[in-house]
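Shown next: final.tsv, containing TSV, C-alpha atoms.
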```
chain	number	residue	atom	x	y	z
A	115	MET	CA	0.00	0.00	0.00
A	116	LYS	CA	2.81	2.36	0.92
A	117	LYS	CA	4.52	1.56	-2.37
A	118	TYR	CA	1.38	2.53	-4.32
A	119	MET	CA	1.03	5.77	-2.36
A	120	MET	CA	4.62	6.76	-3.04
A	121	THR	CA	4.15	5.99	-6.76
A	122	GLY	CA	0.99	8.11	-6.85
A	123	ILE	CA	2.72	11.02	-5.15
A	124	ALA	CA	5.60	10.78	-7.61
A	125	VAL	CA	3.19	10.85	-10.54
A	126	LEU	CA	1.38	13.89	-9.12
A	127	LEU	CA	4.65	15.72	-8.55
A	128	THR	CA	5.79	14.94	-12.08
A	129	ALA	CA	2.51	16.20	-13.53
A	130	ALA	CA	2.72	19.37	-11.45
A	131	ALA	CA	6.27	19.96	-12.64
A	132	GLN	CA	5.22	19.48	-16.23
A	133	ALA	CA	2.28	21.85	-15.78
A	134	GLN	CA	4.54	24.59	-14.38
A	135	THR	CA	4.66	27.47	-16.84
A	136	THR	CA	8.23	28.69	-17.30
A	137	MET	CA	9.26	32.09	-18.56
A	138	ASP	CA	10.33	30.62	-21.90
A	139	ASP	CA	6.88	29.00	-22.23
A	140	VAL	CA	5.25	32.38	-21.62
A	141	LEU	CA	7.38	34.09	-24.26
A	142	ARG	CA	6.55	31.40	-26.82
A	143	GLN	CA	2.84	31.81	-26.13
A	144	VAL	CA	3.04	35.60	-26.36
A	145	GLU	CA	4.90	35.41	-29.67
A	146	THR	CA	2.12	33.21	-31.07
A	147	ASN	CA	-0.92	34.95	-29.59
A	148	ASN	CA	0.03	38.63	-29.36
A	149	ARG	CA	-2.36	40.74	-31.45
A	150	GLU	CA	0.21	43.41	-32.27
A	151	LEU	CA	2.62	40.82	-33.68
A	152	GLN	CA	-0.15	39.14	-35.65
A	153	THR	CA	-1.05	42.54	-37.12
A	154	ALA	CA	2.61	43.31	-37.85
A	155	ARG	CA	3.09	40.01	-39.67
A	156	GLN	CA	0.09	40.72	-41.87
A	157	TYR	CA	1.16	44.32	-42.44
A	158	TYR	CA	4.66	43.44	-43.62
A	159	GLU	CA	3.32	40.69	-45.87
A	160	VAL	CA	1.05	43.29	-47.48
A	161	GLN	CA	3.97	45.71	-47.84
A	162	LEU	CA	6.08	43.03	-49.52
A	163	LEU	CA	3.27	42.12	-51.93
A	164	GLU	CA	2.79	45.81	-52.72
A	165	SER	CA	6.51	46.13	-53.47
A	166	LYS	CA	6.37	43.12	-55.77
A	167	SER	CA	3.31	44.49	-57.55
A	168	GLU	CA	5.26	47.64	-58.47
A	169	ASN	CA	7.33	45.48	-60.82
A	170	ASN	CA	4.34	44.17	-62.78
A	171	LEU	CA	3.88	44.91	-66.46
A	172	PRO	CA	1.14	47.38	-67.42
A	173	ASP	CA	-2.09	45.85	-68.64
A	174	PRO	CA	-2.21	45.07	-72.37
A	175	SER	CA	-4.35	47.36	-74.53
A	176	VAL	CA	-6.87	46.17	-77.17
A	177	SER	CA	-8.95	48.57	-79.28
A	178	TYR	CA	-11.20	48.27	-82.32
A	179	SER	CA	-12.64	51.04	-84.46
A	180	HIS	CA	-15.41	50.69	-87.08
A	181	GLN	CA	-15.65	53.58	-89.57
A	182	TYR	CA	-18.34	54.47	-92.14
A	183	GLY	CA	-17.73	56.57	-95.25
A	184	ASN	CA	-19.87	59.62	-96.08
A	185	ARG	CA	-20.75	58.09	-99.43
A	186	THR	CA	-22.23	54.68	-100.07
A	187	GLU	CA	-19.57	53.62	-102.56
A	188	MET	CA	-16.86	54.20	-99.94
A	189	GLY	CA	-18.07	51.27	-97.84
A	190	VAL	CA	-16.78	50.68	-94.32
A	191	GLN	CA	-13.41	49.92	-92.78
A	192	GLY	CA	-12.25	48.67	-89.41
A	193	GLU	CA	-9.08	48.73	-87.35
A	194	LEU	CA	-7.99	46.33	-84.58
A	195	VAL	CA	-4.96	47.21	-82.44
A	196	ALA	CA	-3.53	45.02	-79.66
A	197	SER	CA	-0.44	46.35	-77.89
A	198	GLN	CA	1.68	45.89	-74.79
A	199	SER	CA	3.78	48.65	-73.32
A	200	PHE	CA	6.67	48.04	-70.95
A	201	GLU	CA	9.61	49.85	-69.47
A	202	PHE	CA	13.18	49.19	-70.44
A	203	PRO	CA	14.23	45.71	-69.11
A	204	THR	CA	16.88	47.28	-66.86
A	205	VAL	CA	14.09	48.92	-64.84
A	206	TYR	CA	12.54	45.55	-63.96
A	207	ARG	CA	15.91	44.12	-62.97
A	208	GLN	CA	16.63	47.07	-60.66
A	209	ARG	CA	13.14	46.90	-59.15
A	210	SER	CA	13.62	43.19	-58.46
A	211	LYS	CA	16.81	43.98	-56.51
A	212	LEU	CA	14.93	46.73	-54.67
A	213	THR	CA	12.19	44.28	-53.65
A	214	ALA	CA	14.81	41.83	-52.31
A	215	VAL	CA	16.26	44.59	-50.08
A	216	ARG	CA	12.79	45.59	-48.91
A	217	GLN	CA	12.08	42.00	-47.91
A	218	GLN	CA	15.10	42.14	-45.58
A	219	LEU	CA	13.98	45.57	-44.35
A	220	PHE	CA	10.49	44.34	-43.49
A	221	ALA	CA	11.94	41.29	-41.72
A	222	SER	CA	14.22	43.47	-39.57
A	223	GLN	CA	11.36	45.86	-38.75
A	224	TYR	CA	9.21	42.92	-37.66
A	225	THR	CA	12.10	41.56	-35.60
A	226	GLY	CA	12.33	44.89	-33.77
A	227	GLU	CA	8.60	44.89	-32.95
A	228	ARG	CA	8.76	41.23	-31.92
A	229	ARG	CA	11.70	41.83	-29.57
A	230	GLN	CA	9.97	44.80	-27.95
A	231	VAL	CA	6.79	42.80	-27.28
A	232	LEU	CA	8.78	39.87	-25.89
A	233	LEU	CA	10.87	42.23	-23.74
A	234	ASN	CA	7.66	43.71	-22.32
A	235	ALA	CA	6.37	40.21	-21.58
A	236	LYS	CA	9.68	39.21	-19.98
A	237	GLU	CA	9.69	42.31	-17.77
A	238	VAL	CA	6.15	41.48	-16.62
A	239	CYS	CA	7.30	37.92	-15.82
A	240	LEU	CA	10.27	39.28	-13.86
A	241	ASP	CA	7.91	41.55	-11.91
A	242	LEU	CA	5.75	38.51	-11.17
A	243	VAL	CA	8.78	36.60	-9.89
A	244	TRP	CA	9.51	39.54	-7.57
A	245	LEU	CA	5.88	39.77	-6.41
A	246	ASN	CA	5.70	35.99	-5.88
A	247	ARG	CA	8.87	36.09	-3.78
A	248	ARG	CA	7.56	39.10	-1.88
A	249	ARG	CA	4.30	37.24	-1.25
A	250	GLN	CA	6.32	34.49	0.44
A	251	LEU	CA	8.15	37.07	2.57
A	252	LEU	CA	4.90	38.77	3.59
A	253	ARG	CA	3.36	35.42	4.50
A	254	GLU	CA	6.31	34.73	6.81
A	255	ARG	CA	5.94	38.17	8.37
A	256	ARG	CA	2.21	37.62	8.87
A	257	ARG	CA	2.78	34.21	10.49
A	258	ASP	CA	5.39	35.71	12.82
A	259	ALA	CA	3.05	38.57	13.72
A	260	GLU	CA	0.16	36.13	14.31
A	261	ARG	CA	2.32	33.97	16.60
A	262	LEU	CA	3.41	37.03	18.57
A	263	ALA	CA	-0.18	38.28	18.77
A	264	GLU	CA	-1.33	34.92	20.19
A	265	LEU	CA	1.62	34.83	22.60
A	266	TYR	CA	0.96	38.32	23.95
A	267	ASP	CA	-2.78	37.70	24.19
A	268	GLU	CA	-1.96	34.81	26.52
A	269	ARG	CA	0.54	36.92	28.44
A	270	LEU	CA	-2.00	39.72	28.75
A	271	LYS	CA	-4.53	37.31	30.22
A	272	LYS	CA	-1.93	36.12	32.72
A	273	GLY	CA	-0.81	39.66	33.55
A	274	ASN	CA	2.70	39.21	32.09
A	275	ALA	CA	2.21	41.83	29.35
A	276	ASN	CA	0.53	45.20	29.09
A	277	ILE	CA	-2.12	46.40	26.69
A	278	LEU	CA	0.25	48.79	24.90
A	279	GLU	CA	2.58	45.95	23.83
A	280	THR	CA	-0.38	43.84	22.72
A	281	ASN	CA	-1.86	46.67	20.67
A	282	LYS	CA	1.53	47.35	19.08
A	283	ILE	CA	1.70	43.77	17.84
A	284	LYS	CA	-1.88	43.92	16.53
A	285	LEU	CA	-1.03	47.08	14.58
A	286	GLU	CA	2.01	45.32	13.11
A	287	LEU	CA	-0.21	42.39	12.09
A	288	LEU	CA	-2.68	44.80	10.48
A	289	ASN	CA	0.11	46.53	8.55
A	290	VAL	CA	1.45	43.22	7.25
A	291	LYS	CA	-2.00	42.08	6.15
A	292	THR	CA	-2.49	45.38	4.30
A	293	GLU	CA	0.85	45.02	2.53
A	294	GLU	CA	-0.06	41.44	1.65
A	295	ARG	CA	-3.37	42.53	0.09
A	296	LEU	CA	-1.70	45.33	-1.89
A	297	ASN	CA	1.00	42.95	-3.11
A	298	GLU	CA	-1.66	40.48	-4.24
A	299	THR	CA	-3.55	43.24	-6.04
A	300	GLU	CA	-0.40	44.28	-7.89
A	301	ARG	CA	0.35	40.64	-8.73
A	302	GLU	CA	-3.13	40.14	-10.20
A	303	GLY	CA	-2.67	43.34	-12.21
A	304	LYS	CA	0.56	41.98	-13.68
A	305	LEU	CA	-1.18	38.73	-14.58
A	306	ARG	CA	-3.86	40.73	-16.43
A	307	GLU	CA	-1.13	42.69	-18.20
A	308	LEU	CA	0.49	39.42	-19.21
A	309	ALA	CA	-2.85	38.10	-20.49
A	310	THR	CA	-3.23	41.25	-22.60
A	311	LEU	CA	0.18	40.64	-24.16
A	312	ASN	CA	-0.92	37.04	-24.78
A	313	GLY	CA	-3.86	38.11	-26.91
A	314	GLY	CA	-6.35	38.11	-24.02
A	315	ARG	CA	-5.56	34.55	-22.97
A	316	PRO	CA	-4.82	34.14	-19.22
A	317	ILE	CA	-1.48	32.67	-18.14
A	318	THR	CA	-0.78	31.17	-14.74
A	319	PHE	CA	2.72	32.16	-13.64
A	320	THR	CA	3.80	31.33	-10.10
A	321	ASP	CA	7.55	31.04	-10.58
A	322	THR	CA	9.75	32.41	-7.81
A	323	VAL	CA	13.13	31.73	-9.43
A	324	TYR	CA	14.85	34.13	-11.80
A	325	PRO	CA	16.38	32.68	-14.99
A	326	SER	CA	20.08	31.92	-14.70
A	327	PRO	CA	21.96	34.89	-16.16
A	328	ALA	CA	24.46	34.33	-18.94
A	329	ALA	CA	28.14	34.82	-18.23
A	330	PRO	CA	28.72	38.59	-18.31
A	331	LEU	CA	30.60	39.87	-21.35
A	332	SER	CA	33.24	42.56	-21.30
A	333	TRP	CA	32.06	45.97	-22.39
A	334	ASP	CA	33.80	45.81	-25.78
A	335	ALA	CA	32.44	42.33	-26.56
A	336	LEU	CA	28.94	43.29	-25.42
A	337	ARG	CA	28.91	46.52	-27.43
A	338	ASP	CA	30.06	44.81	-30.63
A	339	GLU	CA	27.58	41.94	-30.27
A	340	ALA	CA	24.61	44.11	-29.26
A	341	LEU	CA	25.09	46.77	-31.94
A	342	ALA	CA	25.61	44.15	-34.64
A	343	SER	CA	22.30	42.50	-33.69
A	344	ASP	CA	20.29	45.66	-32.95
A	345	ALA	CA	17.08	45.43	-35.02
A	346	THR	CA	16.70	49.21	-35.31
A	347	LEU	CA	20.22	49.62	-36.67
A	348	GLN	CA	19.71	46.69	-39.02
A	349	ALA	CA	16.50	48.28	-40.30
A	350	LEU	CA	18.36	51.54	-40.96
A	351	GLN	CA	21.08	49.59	-42.73
A	352	TYR	CA	18.49	48.04	-45.04
A	353	ARG	CA	16.78	51.39	-45.50
A	354	GLN	CA	20.10	52.80	-46.66
A	355	ALA	CA	20.51	49.85	-49.02
A	356	GLU	CA	16.95	50.47	-50.22
A	357	ALA	CA	17.83	54.08	-50.97
A	358	GLN	CA	20.88	52.95	-52.92
A	359	ARG	CA	18.74	50.55	-54.95
A	360	GLN	CA	16.25	53.34	-55.55
A	361	ILE	CA	19.04	55.35	-57.18
A	362	GLY	CA	19.53	52.46	-59.62
A	363	VAL	CA	15.80	52.32	-60.33
A	364	SER	CA	15.61	56.09	-60.91
A	365	ARG	CA	18.54	55.97	-63.31
A	366	ALA	CA	17.02	53.04	-65.20
A	367	GLN	CA	13.71	54.89	-65.49
A	368	GLY	CA	15.56	57.50	-67.56
A	369	LEU	CA	15.77	54.92	-70.36
A	370	PRO	CA	12.98	54.96	-72.96
A	371	GLY	CA	9.84	52.88	-72.54
A	372	LEU	CA	8.79	50.50	-75.31
A	373	GLU	CA	5.54	49.36	-76.90
A	374	LEU	CA	4.93	46.36	-79.16
A	375	GLY	CA	1.65	45.37	-80.76
A	376	TYR	CA	-0.34	44.05	-83.68
A	377	ARG	CA	-2.54	46.09	-86.04
A	378	LEU	CA	-5.24	44.79	-88.43
A	379	ASN	CA	-7.08	47.03	-90.95
A	380	THR	CA	-10.09	45.78	-92.90
A	381	ALA	CA	-12.15	47.47	-95.64
A	382	THR	CA	-15.14	46.82	-97.92
A	383	GLY	CA	-14.22	44.50	-100.75
A	384	GLY	CA	-12.03	42.22	-98.66
A	385	ASP	CA	-8.91	44.37	-98.54
A	386	ARG	CA	-6.91	43.70	-95.35
A	387	TYR	CA	-3.77	45.19	-93.97
A	388	ASN	CA	-2.00	43.80	-90.92
A	389	GLY	CA	1.35	44.30	-89.28
A	390	PHE	CA	3.24	45.19	-86.16
A	391	VAL	CA	3.13	48.29	-84.01
A	392	VAL	CA	6.37	49.52	-82.42
A	393	GLY	CA	6.49	52.56	-80.19
A	394	MET	CA	8.78	54.33	-77.78
A	395	SER	CA	8.20	56.82	-74.95
A	396	ILE	CA	11.02	59.12	-73.94
A	397	PRO	CA	10.86	60.18	-70.23
A	398	LEU	CA	11.85	63.79	-70.69
A	399	PHE	CA	9.74	65.09	-67.81
A	400	SER	CA	8.39	62.20	-65.67
A	401	ASN	CA	11.82	61.22	-64.26
A	402	ARG	CA	13.04	64.75	-63.67
A	403	HIS	CA	14.94	65.19	-60.33
A	404	GLN	CA	14.25	61.56	-59.32
A	405	VAL	CA	17.93	60.53	-59.24
A	406	LYS	CA	18.88	63.63	-57.26
A	407	LYS	CA	16.04	62.93	-54.83
A	408	ALA	CA	17.22	59.32	-54.34
A	409	HIS	CA	20.79	60.52	-53.63
A	410	ARG	CA	19.56	63.00	-51.02
A	411	GLN	CA	17.43	60.34	-49.36
A	412	SER	CA	20.36	57.91	-49.19
A	413	HIS	CA	22.57	60.55	-47.57
A	414	ALA	CA	19.86	61.46	-45.02
A	415	ILE	CA	19.42	57.82	-43.99
A	416	ALA	CA	23.20	57.41	-43.63
A	417	LEU	CA	23.26	60.35	-41.18
A	418	GLN	CA	20.25	58.95	-39.33
A	419	ARG	CA	22.00	55.59	-39.01
A	420	GLU	CA	25.14	57.20	-37.56
A	421	SER	CA	23.04	59.10	-35.01
A	422	ALA	CA	21.06	55.99	-34.07
A	423	THR	CA	24.29	54.02	-33.56
A	424	VAL	CA	25.64	56.62	-31.13
A	425	GLN	CA	22.34	56.71	-29.22
A	426	ALA	CA	22.14	52.91	-29.04
A	427	GLU	CA	25.70	52.70	-27.71
A	428	ASN	CA	24.98	55.36	-25.06
A	429	ARG	CA	21.81	53.56	-23.91
A	430	LEU	CA	23.72	50.29	-23.73
A	431	MET	CA	26.52	51.89	-21.71
A	432	GLN	CA	24.01	53.34	-19.21
A	433	LEU	CA	22.39	49.92	-18.79
A	434	TYR	CA	25.81	48.27	-18.41
A	435	ASP	CA	26.93	50.74	-15.72
A	436	ARG	CA	23.63	50.34	-13.87
A	437	LEU	CA	24.00	46.56	-14.05
A	438	GLN	CA	27.43	46.74	-12.40
A	439	ALA	CA	26.12	48.99	-9.61
A	440	LEU	CA	23.15	46.69	-8.96
A	441	ARG	CA	25.39	43.62	-8.96
A	442	ALA	CA	27.69	45.19	-6.35
A	443	SER	CA	24.76	46.12	-4.08
A	444	MET	CA	23.20	42.67	-4.45
A	445	ASP	CA	26.46	40.96	-3.48
A	446	GLU	CA	26.71	43.11	-0.35
A	447	PHE	CA	23.12	42.30	0.64
A	448	ASP	CA	23.69	38.59	-0.06
A	449	THR	CA	26.74	38.55	2.22
A	450	VAL	CA	24.97	40.27	5.12
A	451	LEU	CA	21.55	38.59	4.92
A	452	LYS	CA	22.83	35.04	4.37
A	453	SER	CA	25.20	35.22	7.33
A	454	GLN	CA	22.39	35.92	9.81
A	455	ASP	CA	19.14	34.46	11.01
A	456	ASN	CA	17.96	37.64	12.69
A	457	VAL	CA	14.23	36.85	12.70
A	458	THR	CA	14.67	33.71	14.80
A	459	LEU	CA	17.14	35.42	17.14
A	460	LEU	CA	14.89	38.43	17.63
A	461	ASN	CA	11.83	36.28	18.37
A	462	LYS	CA	13.77	34.26	20.96
A	463	ALA	CA	15.21	37.40	22.55
A	464	LEU	CA	11.76	39.02	22.79
A	465	GLN	CA	10.12	35.92	24.26
A	466	ALA	CA	12.97	35.59	26.77
A	467	GLY	CA	12.60	39.23	27.79
A	468	GLN	CA	16.14	40.11	26.69
A	469	ILE	CA	14.92	43.02	24.52
A	470	SER	CA	11.97	45.37	24.79
A	471	MET	CA	9.07	45.50	22.39
A	472	ILE	CA	10.32	48.81	20.96
A	473	GLU	CA	13.79	47.33	20.31
A	474	TYR	CA	12.17	44.31	18.68
A	475	PHE	CA	10.03	46.34	16.26
A	476	VAL	CA	12.89	48.66	15.34
A	477	SER	CA	15.15	45.68	14.60
A	478	ILE	CA	12.54	43.54	12.82
A	479	GLY	CA	11.39	46.54	10.78
A	480	THR	CA	14.96	47.23	9.62
A	481	LEU	CA	15.46	43.55	8.76
A	482	TYR	CA	12.28	43.20	6.71
A	483	GLN	CA	12.89	46.54	5.02
A	484	SER	CA	16.38	45.38	4.02
A	485	THR	CA	15.06	42.04	2.77
A	486	ASP	CA	12.33	43.76	0.80
A	487	TYR	CA	14.87	46.15	-0.72
A	488	HIS	CA	17.05	43.18	-1.59
A	489	LEU	CA	14.15	41.66	-3.52
A	490	GLN	CA	13.68	44.94	-5.40
A	491	LEU	CA	17.38	45.01	-6.28
A	492	GLN	CA	17.17	41.49	-7.67
A	493	ASN	CA	14.15	42.43	-9.76
A	494	GLU	CA	15.78	45.58	-11.12
A	495	TYR	CA	19.01	43.69	-11.86
A	496	HIS	CA	17.28	41.03	-13.94
A	497	LYS	CA	15.16	43.62	-15.78
A	498	VAL	CA	18.27	45.58	-16.73
A	499	LEU	CA	19.91	42.31	-17.77
A	500	ALA	CA	16.86	41.49	-19.93
A	501	ALA	CA	17.04	44.91	-21.58
A	502	ILE	CA	20.75	44.52	-22.33
A	503	TYR	CA	20.29	41.07	-23.90
A	504	SER	CA	16.99	41.87	-25.63
A	505	TYR	CA	18.78	41.43	-28.96
A	506	LYS	CA	18.80	37.68	-28.25
A	507	LEU	CA	15.01	37.42	-27.94
```

Please express the file's structure as structure tokens.
Amino acid sequence: MKKYMMTGIAVLLTAAAQAQTTMDDVLRQVETNNRELQTARQYYEVQLLESKSENNLPDPSVSYSHQYGNRTEMGVQGELVASQSFEFPTVYRQRSKLTAVRQQLFASQYTGERRQVLLNAKEVCLDLVWLNRRRQLLRERRRDAERLAELYDERLKKGNANILETNKIKLELLNVKTEERLNETEREGKLRELATLNGGRPITFTDTVYPSPAAPLSWDALRDEALASDATLQALQYRQAEAQRQIGVSRAQGLPGLELGYRLNTATGGDRYNGFVVGMSIPLFSNRHQVKKAHRQSHAIALQRESATVQAENRLMQLYDRLQALRASMDEFDTVLKSQDNVTLLNKALQAGQISMIEYFVSIGTLYQSTDYHLQLQNEYHKVLAAIYSYKL
């Protein structure tokens, strides 16, 4: 019987572990279900199709005219003309290269939107980890306050405590319960925010463990890797390439357009004339200033790309410096908090009468405040880390 019970417990634990939603699971769901990303995918597909349609041939032209003479003996005659106009073949080749660059541009723009949505979802998950950990801390504080409240109620009945000490503990218990409710309200708000990012589908996320951070890179290695993978800078790079290709298209559009067709003339008496139609259009006015415009646009995008690179590097440096400061503070808190078990010692000292109630609340308040601040530092550290490595999402 015991063997069967242990097997059942193992199965239940395994199922619970499998049902646990990890942060990576959340990000995969958000990427699939997010409405903004679904819209972006459709939008860029439309943009790509529109770019491809610009390289289509014009529609063929077919016309027929039937003419009557002003005298009966003149009879009638007809004319059928079928023609197809098209630009010089170089134009289509240049437009095809332009469409290939735009496809890369649209992909990089989508990647930037995707990374931003996933970063938002990851930050919400990191906030939930912090709030879940804080919920555990507040539960411990409430249990400690409840035990003290029960202890001092008994002491008050026996005359070993006064009403002021008892009321002080009850106020502490009330404060902890209020903080616990507010923490739970904020946690539920984050879950709703996560559901919104997931296309309105709720996600249960109770994790209390932060993801293991990657080995920190040196500043030079991080800068080179992050800037090379930055979606915004990649998009500007492709926009500059697009502008360069547009110069080629504008130059090619200065070549004459062509028209080929077939003409058939009929007349009374069975006379027929047929042959080919060849035409040419010379773009004297339609392509005026287009090459100059494309050059100016390419130069403007190059300047914009240089500015964006400097701004991206500055943002990255600020995040990197903040990460180092947070890491140093976290290490100091880890060293102090892990070397002590102050809550247990304070409870024993208070129950033994070695410290007063005022000393106890001053000490326990400082301890819980420090622990709470430590949790905030951990949350901020991992959010900064997520922002730095967002190019890997």

Nearest-residue call for Trp244 (chain A), choices A:Asn493, A:Asn312, A:Gln348, A:Thr299, using all atoms listed in the file: A:Asn493

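If all atoms listed in the file are the atoms counted, then among A:Val205, A:Val238, A:Val215, A:Ala416 the closest residue to Met137 (chain A) is A:Val238.
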
Closest of A:Arg209, A:Arg142, A:Lys497, A:His403 to Glu168 (chain A) - atom-to-atom distances counting only C-alpha atoms: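 Ranking A:Arg209, A:Arg142, A:Lys497, A:His403 by distance to Glu168 (chain A), first place goes to A:Arg209.
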
For His180 (chain A), the nearest of the candidates A:Leu459, A:Ala381, A:Leu433, A:Val144, counting all atoms listed in the file: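 Closest to His180 (chain A), using all atoms listed in the file: A:Ala381.
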
Between CA of Glu193 (chain A) and CA of Pro370 (chain A), distance in Å (one decimal):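 According to the coordinates, CA of Glu193 (chain A) and CA of Pro370 (chain A) are separated by 27.1 Å.
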
Contacts of Leu430 (chain A) within 12 Å, all atoms listed in the file, excl. fewer than 5 positions in-chain, as a CSV table (one decimal) with C-alpha atoms, in the coordinates of the input:
```
chain,number,residue,atom,x,y,z
A,333,TRP,CA,32.1,46.0,-22.4
A,334,ASP,CA,33.8,45.8,-25.8
A,336,LEU,CA,28.9,43.3,-25.4
A,337,ARG,CA,28.9,46.5,-27.4
A,338,ASP,CA,30.1,44.8,-30.6
A,339,GLU,CA,27.6,41.9,-30.3
A,340,ALA,CA,24.6,44.1,-29.3
A,341,LEU,CA,25.1,46.8,-31.9
A,344,ASP,CA,20.3,45.7,-33.0
A,423,THR,CA,24.3,54.0,-33.6
A,424,VAL,CA,25.6,56.6,-31.1
A,425,GLN,CA,22.3,56.7,-29.2
A,435,ASP,CA,26.9,50.7,-15.7
A,436,ARG,CA,23.6,50.3,-13.9
A,437,LEU,CA,24.0,46.6,-14.0
A,498,VAL,CA,18.3,45.6,-16.7
A,499,LEU,CA,19.9,42.3,-17.8
A,500,ALA,CA,16.9,41.5,-19.9
A,501,ALA,CA,17.0,44.9,-21.6
A,502,ILE,CA,20.8,44.5,-22.3
A,503,TYR,CA,20.3,41.1,-23.9
A,504,SER,CA,17.0,41.9,-25.6
A,505,TYR,CA,18.8,41.4,-29.0
```

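Across the structure, CA of Ser412 (chain A) and CA of Leu162 (chain A) are spaced 20.6 Å apart.
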
Local residues around (0.8, 43.4, -38.7), at most 12 Å away, using only C-alpha atoms, as a PDB file with C-alpha atoms, keeping the file's coordinate frame:
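Result file follows (selection.pdb):
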```pdb
ATOM      1  CA  ASN A 148       0.030  38.630 -29.360  1.00  0.00           C
ATOM      2  CA  ARG A 149      -2.360  40.740 -31.450  1.00  0.00           C
ATOM      3  CA  GLU A 150       0.210  43.410 -32.270  1.00  0.00           C
ATOM      4  CA  LEU A 151       2.620  40.820 -33.680  1.00  0.00           C
ATOM      5  CA  GLN A 152      -0.150  39.140 -35.650  1.00  0.00           C
ATOM      6  CA  THR A 153      -1.050  42.540 -37.120  1.00  0.00           C
ATOM      7  CA  ALA A 154       2.610  43.310 -37.850  1.00  0.00           C
ATOM      8  CA  ARG A 155       3.090  40.010 -39.670  1.00  0.00           C
ATOM      9  CA  GLN A 156       0.090  40.720 -41.870  1.00  0.00           C
ATOM     10  CA  TYR A 157       1.160  44.320 -42.440  1.00  0.00           C
ATOM     11  CA  TYR A 158       4.660  43.440 -43.620  1.00  0.00           C
ATOM     12  CA  GLU A 159       3.320  40.690 -45.870  1.00  0.00           C
ATOM     13  CA  VAL A 160       1.050  43.290 -47.480  1.00  0.00           C
ATOM     14  CA  GLN A 161       3.970  45.710 -47.840  1.00  0.00           C
ATOM     15  CA  PHE A 220      10.490  44.340 -43.490  1.00  0.00           C
ATOM     16  CA  ALA A 221      11.940  41.290 -41.720  1.00  0.00           C
ATOM     17  CA  GLN A 223      11.360  45.860 -38.750  1.00  0.00           C
ATOM     18  CA  TYR A 224       9.210  42.920 -37.660  1.00  0.00           C
ATOM     19  CA  THR A 225      12.100  41.560 -35.600  1.00  0.00           C
ATOM     20  CA  GLU A 227       8.600  44.890 -32.950  1.00  0.00           C
ATOM     21  CA  ARG A 228       8.760  41.230 -31.920  1.00  0.00           C
TER      22      ARG A 228
END
```

Find the residues near region 261-267 of chain A: any atom within 9 Å, counting all atoms listed in the file, skip ones fewer than 4 places away on the same chain, and give them as an mmCIF file with C-alpha atoms, in the frame of the given file.
```cif
data_model
loop_
_atom_site.group_PDB
_atom_site.id
_atom_site.type_symbol
_atom_site.label_atom_id
_atom_site.label_comp_id
_atom_site.auth_asym_id
_atom_site.auth_seq_id
_atom_site.Cartn_x
_atom_site.Cartn_y
_atom_site.Cartn_z
ATOM 1 C CA ARG A 256 2.210 37.620 8.870
ATOM 2 C CA ARG A 257 2.780 34.210 10.490
ATOM 3 C CA LYS A 271 -4.530 37.310 30.220
ATOM 4 C CA LYS A 272 -1.930 36.120 32.720
ATOM 5 C CA ASN A 274 2.700 39.210 32.090
ATOM 6 C CA ALA A 275 2.210 41.830 29.350
ATOM 7 C CA ASN A 276 0.530 45.200 29.090
ATOM 8 C CA GLU A 279 2.580 45.950 23.830
ATOM 9 C CA THR A 280 -0.380 43.840 22.720
ATOM 10 C CA ASN A 281 -1.860 46.670 20.670
ATOM 11 C CA ILE A 283 1.700 43.770 17.840
ATOM 12 C CA LYS A 284 -1.880 43.920 16.530
ATOM 13 C CA LEU A 287 -0.210 42.390 12.090
ATOM 14 C CA ASN A 461 11.830 36.280 18.370
ATOM 15 C CA GLN A 465 10.120 35.920 24.260
#
```

CA of Met394 (chain A) to CA of Asn170 (chain A), distance in Å rounded to a single decimal: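 Between CA of Met394 (chain A) and CA of Asn170 (chain A) the gap is 18.7 Å.
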
Distance query region 365-369 of chain A at most 12 Å, all atoms listed in the file, self and fewer than 4 positions along chain excluded, as a PyMOL selection string: chain A and resi 200-209+358-361+394-409

Counting all atoms listed in the file, the residue of A:Tyr487, A:Tyr182, A:Phe319, A:Phe475 that sits nearest Leu141 (chain A):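 Of all the options, A:Phe319 lies closest to Leu141 (chain A).
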
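Compared by their closest atoms to Met444 (chain A), and using only C-alpha atoms, the residues A:Glu427, A:Glu473, A:Asp241, A:Glu494 rank with A:Glu494 nearest.
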
Residue list as a ChimeraX atom specification for point (17.8, 38.0, -7.0), cut-off 10 Å, all atoms listed in the file: /A:243-244,247,322-325,441,444-445,448,488-496
